[in-house]
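Only one structure is covered here, and it is reproduced in the block below.
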Amino acid sequence: MKSVLLYVPMAMVVMSTLVGLTATTPWFRTTTPTWTTTAGASGLNLNGKMFTLSVNGGGVSFYSPYFSPTTSSPYTTRRPYYTTTRPYTPQPTTRRPYYTTTRPYTPRTTTPRPTTTRPWTTAPTTRGVSVCLRYMSDFQTDIRSIFTLSPSSRQPLQMGVSASGSYRLSFDRYGYYNLNLKPYKTFWANIRLEIWTRVCLTVDTMKNVAQLFSDSSMSIRKMLPTDVQYVWSGEPVIDFSGFDGQVTDVQIWDYSLKYREVLNYMNSGRYSSYSGSALTWSYISYSLRGKVLLEDVYERQWQDQQLIQSKKKNMRQPKGEKKSREFFNLSESKREQL
C-alpha cells in the first residue's frame with residue numbers, strides 16, 4: 001500500500017513536467033543561420049575601380065539602380081512544435097425571427113453589353129544577352145563559378161572556367177544542361193595587351209547559339225543543348241563569388257553583341273565609348289557578402305611600364321651624332337681632292 005502511494009505522486013510530477021514541456025518548450029533546438037551582408041551605395045560610377053573577392057565566402061552582387069532585388073534566405077527555419085490550451089468562451093447565439101416578405105415582381109430589362117477582348121500582356125522576350133567583364137585570378141585554376149546571371153530567375157546562367165582554359169556554361173539551377181566553349185581561334189591580332197583577362201559571352205536567343213571571346217581569341221559558335229530553350233529573364237542582377245581574384249568593368253546587354261562591339265570592348269573603348277544596355281559599370285549598385293575589398297585598379301602602373309618599354313625599344317641615335325659623321329665624311333672627301 002505504501003509503494004502504491006509513493007508511486008502516485010511521482011507519476012503526477014512526471015506528468016506535470018511533460019505537460020509543461022509540451023506547452024512552452026520546443027521539442028527540438030532551432031538554429032537561425034546568420035551572415036553579414038553589407039549593402040553598398042546605389043547609382044555609383046565605378047570606372048577605375050575593382051573588387052577583390054575571396055573564395056572563402058567573399059562575394060558581390062551587382063544590379064541596376066532601376067531594379068530592386070528581393071533578398072530571400074536560402075535556408076528554411078522550422079517552427080517549434082508546441083500546443084497551447086486556450087480557455088473556452090461560449091459565444092452567445094441569437095436566433096433571427098423567421099418571417100417572409102412578399103415583394104412585387106418587377107421585370108428587368110437587360111441591354112446587351114459590347115464584348116471586348118483584353119490583350120494578353122506578357123513580359124517581352126529578349127533577343128539574347130551578352131556579358132562582358134575583366135577579371136584576374138590565379139594561373140591555371142579551376143573556377144567553378146565566375147558569375148551567375150539572374151540568380152533568382154527560373155533559368156540562372158552560370159559561367160565557370162577550367163584549368164585548361166575551357167569555359168563552362170550552365171543554363172539551369174541544378175547544372176544538368178551544360179555547354180563548353182574554348183576560345184582558341186584568333187579573331188583579331190592587334191588587340192593591345194592588358195593585365196586583365198577580358199571575357200565576353202554572347203547568347204543569341206533567336207538562333208539558340210552561344211559564343212565566347214577571351215582577349216584576342218574566340219570560340220566557335222555552338223548550339224545550346226537540345227533540351228534547353230534558354231530565354232533570359234531580363235533580371236539585371238549578376239553575382240560573383242567562389243574564386244580568389246579581382247573583377248572590374250562589368251557590362252550587360254540585352255542582345256547578342258556584334259563582332260565590332262566585342263572588339264571595341266576588348267580595346268577598352270578605343271574606337272568608341274561603350275555602355276551596357278541592361279547594366280553598366282559607370283552607373284551601378286552593389287551589395288557585399290563576407291570579405292570583399294573595393295579599391296582602385298592598378299592598370300595605370302601597367303600602362304606606365306609598357307610606355308617605358310616602348311620608349312626603350314624605339315630609341316634612335318641622336319641627330320647631332322649623325323651630322324658630325326656627315327661633316328667628317330665631307331672633310332675627308334675635300335682632302336682627297338686636294
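Residues are named by chain letter and number: chains run A, B, ... in the order of the C-alpha cells, numbers start at 1 in each chain, and ligands are numbered from 1 in the order shown.
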Quick one: everything within 12 Å of Tyr176 in chain A, counting only C-alpha atoms, minus sequence neighbours fewer than 6 positions away in the same chain. Send it as a list in words.
Gln155, Gln158, Leu169, Ser170, Pro225, Asp227 and Val228 of chain A
N, CA and C atoms of the current selection, written as a CSV table (one decimal), in the first residue's frame:
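Generated file (out38.csv):
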```
chain,number,residue,atom,x,y,z
A,155,GLN,N,15.8,30.3,-64.8
A,155,GLN,CA,16.9,29.8,-65.5
A,155,GLN,C,18.2,30.7,-65.3
A,158,GLN,N,25.1,30.4,-65.4
A,158,GLN,CA,26.3,30.4,-64.6
A,158,GLN,C,27.5,30.1,-65.5
A,169,LEU,N,29.3,26.7,-69.3
A,169,LEU,CA,28.0,27.4,-69.1
A,169,LEU,C,27.0,26.4,-68.6
A,170,SER,N,26.2,26.9,-67.6
A,170,SER,CA,25.1,26.1,-67.1
A,170,SER,C,23.8,26.9,-67.2
A,225,PRO,N,22.2,23.1,-75.8
A,225,PRO,CA,21.6,21.8,-75.7
A,225,PRO,C,20.2,21.7,-76.2
A,227,ASP,N,17.7,20.1,-75.2
A,227,ASP,CA,16.6,20.2,-74.2
A,227,ASP,C,16.4,21.6,-73.6
A,228,VAL,N,17.2,22.5,-74.1
A,228,VAL,CA,17.2,23.8,-73.4
A,228,VAL,C,16.7,24.9,-74.5
```
What lies within 10 Å of Ile238 in chain A using only C-alpha atoms, ignoring chain neighbours under 4 positions off, as a PyMOL selection string?
chain A and resi 60-64+131+147-151+156-158+250-252+279+286
Excluding same-chain residues fewer than 2 positions from range 263-274 of chain A, what lies within 10 Å of it counting only C-alpha atoms, as a list in words?
Cys132, Leu133, Arg134, Phe187, Trp188, Asn190, Ile191, Arg192, Leu193, Glu194, Thr197, Arg198, Val199, Cys200, Phe213, Ser214, Asp215, Ser216, Asp249, Gln251, Leu257, Lys258, Tyr259, Arg260, Glu261, Gly276, Ser277 and Thr280 of chain A
Pairwise distance for CA of Asp296 in chain A and CA of Asp142 in chain A, rounded to one decimal in Å:
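Answer for the CA of Asp296 in chain A to CA of Asp142 in chain A separation: 26.3 Å.
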Compile the contact shell of Arg221 in chain A as an MDAnalysis selection string: residues with an atom at most 10 Å away, counting only C-alpha atoms, same-chain residues fewer than 2 positions apart removed.
chainID A and resid 181 202:203 209:212 218:219 223:224
Kindly give the distance, in Å, that separates CA of Lys222 in chain A and CA of Met159 in chain A, rounded to a single decimal.
15.1 Å
With only C-alpha atoms as the atoms that count, which of A:Trp232, A:Phe139, A:Tyr255, A:Trp281 lies nearest to Ala163 in chain A?
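Using only C-alpha atoms, the shortest distance to Ala163 in chain A belongs to A:Phe139.
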For Gly128 in chain A, find every residue with an atom within 6 Å (counting only C-alpha atoms), except residues of its own chain fewer than 2 positions away, and show them as a list in words.
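In the requested form, the answer reads Thr126, Val203, Asp204, Thr205, Asp254, Tyr255 and Ser256 of chain A.
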Quick one: write out the picked residues with C-alpha atoms as a PDB file, in the first residue's frame?
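Ended up saving to part-v2.pdb:
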```pdb
ATOM      1  CA  THR A 126      14.633  39.356 -75.206  1.00  0.00           C
ATOM      2  CA  VAL A 203      23.901  34.221 -76.206  1.00  0.00           C
ATOM      3  CA  ASP A 204      21.552  34.617 -79.168  1.00  0.00           C
ATOM      4  CA  THR A 205      18.082  33.565 -78.050  1.00  0.00           C
ATOM      5  CA  ASP A 254      20.000  42.597 -73.577  1.00  0.00           C
ATOM      6  CA  TYR A 255      21.044  41.340 -77.007  1.00  0.00           C
ATOM      7  CA  SER A 256      23.883  39.433 -78.634  1.00  0.00           C
TER       8      SER A 256
END
```
Nearest residue to Phe240 in chain A from the set A:Gln140, A:Ser287, A:Ser162, A:Ser152 (distances using only C-alpha atoms):
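The answer is A:Ser287, which sits nearest to Phe240 in chain A.
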